[in-house]
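Each remark here refers to the structure printed beneath this line.
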Amino acid sequence: MNKTRVRFAPSPTGFVHIGSLRTALYDYLYARHTGGDFVLKIEDTDQKRFVEGAVENLIKSLGWCGLGWDEGVFQTAEIKDDKIPVYVSKNYKNIFEAGEYGPYIQSEKLEIYKKYAEQLVADGHAYYCFCGPERLEELRNQQAADKKPPMYDRYCLRNISPEEVNEKLKENCPYVIRLKIPENETIEFEDMVRGIVKFDTNLVDDQVLMKSDGFPTYHLANVIDDYDMKITHVIRGEEWLSSTPKHLLLYRYFGWEAPKFAHLPLLLNLDRSKLSKRQGDVAVEDYIKKGYLKEAIINFVALLGWNPGSGETQEIFTLDELVDKFDFSHVHKGGAVFDIKKLDWINSQWIKKISLDDLYQRAKEFFEQKDFYTNASEDKKTEEYMKKVLTVERERLQKLSEVGEGNGFFFTDIDYDKELLRWKGLEDEKIRESLDASGKIMENITHENWTRENLEKNLMAAAEKYSNADGKPDRGRLLWPLRAALTGEKKSPSPFEAAWVLGKDKSLKRIKDALEKI
RNA sequence: GGCCUCAUCGUCUAGCGGCUAGGACGCCAGGUUUUCAUCCUGGUAACAGGGGUUCGAUUCCCCUUGAGGCUACCA
């Protein structure tokens with residue numbers, strides 16, 4: 001059997017839609033699972049939608065997610081296999097293309113598309129059409145009024161002779177080339193996720209293949225590219241399902257074997273409409289900015305429409321595990337609602353899972369966005385100190401953007417009302433005793449032994465000795481004032497954790513400050 | 001409107017003729033606990049409706065309903 005070759009074919013609209021990412025992920029998973037190739041090509045046939053920097057952005061977002069491709073469009077010239085030809089893109093600055101089946105950018109193969117389109121005309125499977133937008137508009141309105149499906153009426157096919165066509169072409173009349181859909185035929189194919197799907201050709205419109213600006217439409221370019229690039233499996237969103245018969249016809253007319261198709265279910269808003277900007281963030285970079293880890297985004301999006309199958313209760317997957325388990329038999333048919341609550345949970349799981357070193361590297365930029373951090377003294381910005389903070393915070397974090405939230409006391413001086421120190425209405429004197437006791441214990445712990453374990457062991461031993469009127473243990477009598485003194489917050493990590501991060505000197509200083517306060 | 005697709009807890013889903021319909025998120029309750037969070041335990045909640053086929057349907061078929069996609073010289 002031939003090697004599997006799949007491709008991700010985004011159009012550069014400025015950002016990577018989270019739904020596109022899911023498609024790219026399934027492309028990647030299928031390619032890797034089958035030991036095939038993964039190709040990145042660019043669909044930029046719509047000049048009106050061109051966005052500056054979109055290609056670079058796309059490569060960046062995809063790369064950030066860790067989905068590597070073997071062939072196609074790249075930002076740098078470092079391609080692992082030096083047998084593959086690498087060249088600079090004709091139309092984009094700082095973009096390289098690598099592979100023997102290029103160009104991988106549609107705007108760079110206009111001549112090729114044109115040639116194929118003309119061949120189709122010569123073979124009688126397509127025809128020139130000179131109808132302007134006004135007539136088309138009128139036609140559609142009439143058809144709507146007659147309650148008929150809006151379709152091109154083949155005016156140019158029926159009324160313009162080949163001689164007239166040549167005449168008009170010579171006069172440089174604007175034209176498009178339309179596919180001549182056969183009548184009374186049923187086009188049938190087997191979709192990898194949906195099974196057999198059938199279409200009646202009488203209901204399929206004569207699709208424009210070449211636009212009057214000389215660019216091909218998606219339909220033409222796509223089929224030619226996939227043939228040129230030897231693509232074996234076309235994995236794309238469900239929105240393409242109804243245009244598949246056009247593509248199949250094209251393969252037939254060119255005499256090419258059609259690839260296998262897999263139409264993926266759509267990603268949905270909470271109200272079950274197609275996932276859109278209006279109801280939340282849809283760009284991958286939005287999620288990056290919010291502090292979601294790539295592992296979490298991949299993990300989450302993989303589960304939106306696919307599952308590992310029977311009996312499997314695992315929820316957290318690495319990319320490699322996904323590659324190992326992925327197959328189309330477990331891809332869902334129905335759309336999936338993008339529920340951010342589950343993403344949050346998966347993200348929190350990943351924050352706990354990655355190494356501290358890794359977490360530190362990734363969290364740094366989020367700290368740098370916070371005032372309490374930028375204004376903090378240098379000794380608070382050391383790797384050692386930050387890692388301590390993160391050790392404590394990672395149990396509580398849902399997203400990296402929340403880093404340091406409510407924990408500013410690790411970085412800045414604190415100020416709080418003295419009442420915060422009070423445990424269950426205890427009088428000042430008792431609070432002072434409590435703080436004093438904590439201070440003494442901590443003073444006896446050396447800098448070398450200043451660990452969470454030691455702090456907890458020694459402080460807890462003392463805390464256990466307190467009990468309330470009922471004889472029940474009342475650890476809070478020691479621990480609450482201490483925690484309040486160290487953090488100045490109503491809610492915070494434990495006093496052991498806080499003291500450990502702050503260090504012996506700072507901790508003792510804060511206890512002293514508290515003592516003066518009360 | 002036409003064509004296509006889809007349909008299990010609120011959400012993501014397991015299920016591929018016989019199950020007390022399972023798991024996860026969320027939510028609620030309890031436990032651990034000095035607060036917050038983590039963690040642990042338990043609970044809540046679903047086969048859209050109607051016909052068939054079958055000894056037996058969540059599962060297979062049909063209809064209805066609902067949802068989504070497409071219906072461009074956009075992808």
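Labels for the structure tokens follow display order: chains A, B, ..., residues from 1 in each chain, ligands from 1.
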
Considering only C-alpha atoms (C1' of nucleotides), tabulate each residue of chain B that lies at most 9 Å from chain A along with its nearest interatomic pair and the corresponding distance in Å to one decimal; arrange the rows by chain and ascending residue number and present them as a Markdown table.
| residue | atom | partner | partner_atom | distance |
| --- | --- | --- | --- | --- |
| B:G1 | C1' | A:Lys147 | CA | 6.2 |
| B:G2 | C1' | A:Pro149 | CA | 5.7 |
| B:C3 | C1' | A:Leu203 | CA | 6.9 |
| B:C4 | C1' | A:Ser242 | CA | 5.9 |
| B:U5 | C1' | A:Glu238 | CA | 8.1 |
| B:C6 | C1' | A:Gly334 | CA | 5.1 |
| B:A7 | C1' | A:Gly334 | CA | 7.5 |
| B:U11 | C1' | A:Asp339 | CA | 6.3 |
| B:C12 | C1' | A:Leu304 | CA | 6.6 |
| B:U13 | C1' | A:Asn307 | CA | 7.4 |
| B:A14 | C1' | A:Ser310 | CA | 5.6 |
| B:G15 | C1' | A:Ser310 | CA | 7.7 |
| B:G22 | C1' | A:Gly311 | CA | 8.3 |
| B:G23 | C1' | A:Thr313 | CA | 5.6 |
| B:A24 | C1' | A:Glu315 | CA | 6.9 |
| B:C25 | C1' | A:Lys342 | CA | 4.9 |
| B:G26 | C1' | A:Lys341 | CA | 7.3 |
| B:U34 | C1' | A:Gly476 | CA | 4.1 |
| B:U35 | C1' | A:Lys491 | CA | 5.0 |
| B:C36 | C1' | A:Lys491 | CA | 4.8 |
| B:A37 | C1' | A:Arg396 | CA | 4.9 |
| B:U38 | C1' | A:Glu395 | CA | 5.5 |
| B:A67 | C1' | A:Arg272 | CA | 7.5 |
| B:G68 | C1' | A:Ser273 | CA | 6.8 |
| B:G69 | C1' | A:Glu239 | CA | 5.2 |
| B:C70 | C1' | A:Ser242 | CA | 5.7 |
| B:U71 | C1' | A:Pro150 | CA | 7.2 |
| B:C73 | C1' | A:Lys211 | CA | 4.6 |
| B:C74 | C1' | A:Asp46 | CA | 7.0 |
| B:A75 | C1' | A:Tyr218 | CA | 6.6 |

Return as a list in words the full set of residues in range 119-167 of chain A whose backbone-based DSSP assignment is strand (DSSP E). Ala126, Tyr127, Tyr128 and Cys129 of chain A

Keeping only N, CA and C atoms, write the selected residues to a file as a PDB file, in the first residue's frame.
ATOM      1  N   ALA A 126     -16.062  21.389 -19.194  1.00  0.00           N
ATOM      2  CA  ALA A 126     -16.201  22.721 -18.606  1.00  0.00           C
ATOM      3  C   ALA A 126     -16.430  23.701 -19.750  1.00  0.00           C
ATOM      4  N   TYR A 127     -16.895  24.883 -19.420  1.00  0.00           N
ATOM      5  CA  TYR A 127     -17.171  25.845 -20.474  1.00  0.00           C
ATOM      6  C   TYR A 127     -16.949  27.278 -19.998  1.00  0.00           C
ATOM      7  N   TYR A 128     -16.723  28.155 -20.965  1.00  0.00           N
ATOM      8  CA  TYR A 128     -16.537  29.565 -20.638  1.00  0.00           C
ATOM      9  C   TYR A 128     -17.890  30.195 -20.354  1.00  0.00           C
ATOM     10  N   CYS A 129     -17.891  31.107 -19.422  1.00  0.00           N
ATOM     11  CA  CYS A 129     -19.126  31.803 -19.090  1.00  0.00           C
ATOM     12  C   CYS A 129     -18.814  33.288 -18.968  1.00  0.00           C
TER      13      CYS A 129
END

Quick one: DSSP helix (DSSP H, G or I) residues in range 1-157 of chain A, as a PyMOL selection string? chain A and resi 18-33+47-49+54-64+106-108+110-122+133-145+155-157

Extract, using only C-alpha atoms (C1' of nucleotides), all DNA, RNA and protein residues at most 10 Å from Glu56 in chain A, discarding same-chain residues fewer than 5 positions from it, and format them as a list in words.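 The filter keeps Pro12, Gly14, Phe15, Ser61, Val73, Phe74, Gln75, Tyr92, Lys93, Asn94 and Ile95 of chain A.
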
Generate the output file for the selected residues, N, CA and C atoms, as a JSON list (two decimals), in the first residue's frame.
[["chain", "number", "residue", "atom", "x", "y", "z"],
["A", 12, "PRO", "N", -4.91, 31.79, 4.60],
["A", 12, "PRO", "CA", -4.30, 32.75, 5.53],
["A", 12, "PRO", "C", -5.21, 33.93, 5.83],
["A", 14, "GLY", "N", -5.40, 35.34, 8.87],
["A", 14, "GLY", "CA", -4.90, 36.16, 9.96],
["A", 14, "GLY", "C", -4.66, 35.41, 11.25],
["A", 15, "PHE", "N", -5.40, 34.33, 11.47],
["A", 15, "PHE", "CA", -5.20, 33.59, 12.71],
["A", 15, "PHE", "C", -5.64, 32.14, 12.49],
["A", 61, "SER", "N", 1.61, 29.68, 15.07],
["A", 61, "SER", "CA", 0.62, 29.07, 15.96],
["A", 61, "SER", "C", 0.65, 27.54, 15.88],
["A", 73, "VAL", "N", 5.16, 24.35, 3.55],
["A", 73, "VAL", "CA", 5.53, 25.73, 3.82],
["A", 73, "VAL", "C", 6.18, 25.86, 5.20],
["A", 74, "PHE", "N", 7.30, 26.57, 5.23],
["A", 74, "PHE", "CA", 8.03, 26.75, 6.48],
["A", 74, "PHE", "C", 8.48, 28.19, 6.66],
["A", 75, "GLN", "N", 8.81, 28.48, 7.90],
["A", 75, "GLN", "CA", 9.29, 29.83, 8.22],
["A", 75, "GLN", "C", 10.81, 29.90, 8.10],
["A", 92, "TYR", "N", 5.85, 35.25, -0.95],
["A", 92, "TYR", "CA", 5.92, 35.67, 0.45],
["A", 92, "TYR", "C", 7.36, 35.82, 0.88],
["A", 93, "LYS", "N", 7.62, 36.93, 1.51],
["A", 93, "LYS", "CA", 8.96, 37.18, 2.04],
["A", 93, "LYS", "C", 9.18, 36.28, 3.25],
["A", 94, "ASN", "N", 10.40, 35.83, 3.42],
["A", 94, "ASN", "CA", 10.77, 35.03, 4.60],
["A", 94, "ASN", "C", 10.01, 33.72, 4.75],
["A", 95, "ILE", "N", 9.45, 33.24, 3.66],
["A", 95, "ILE", "CA", 8.78, 31.95, 3.70],
["A", 95, "ILE", "C", 9.49, 30.99, 2.76]]
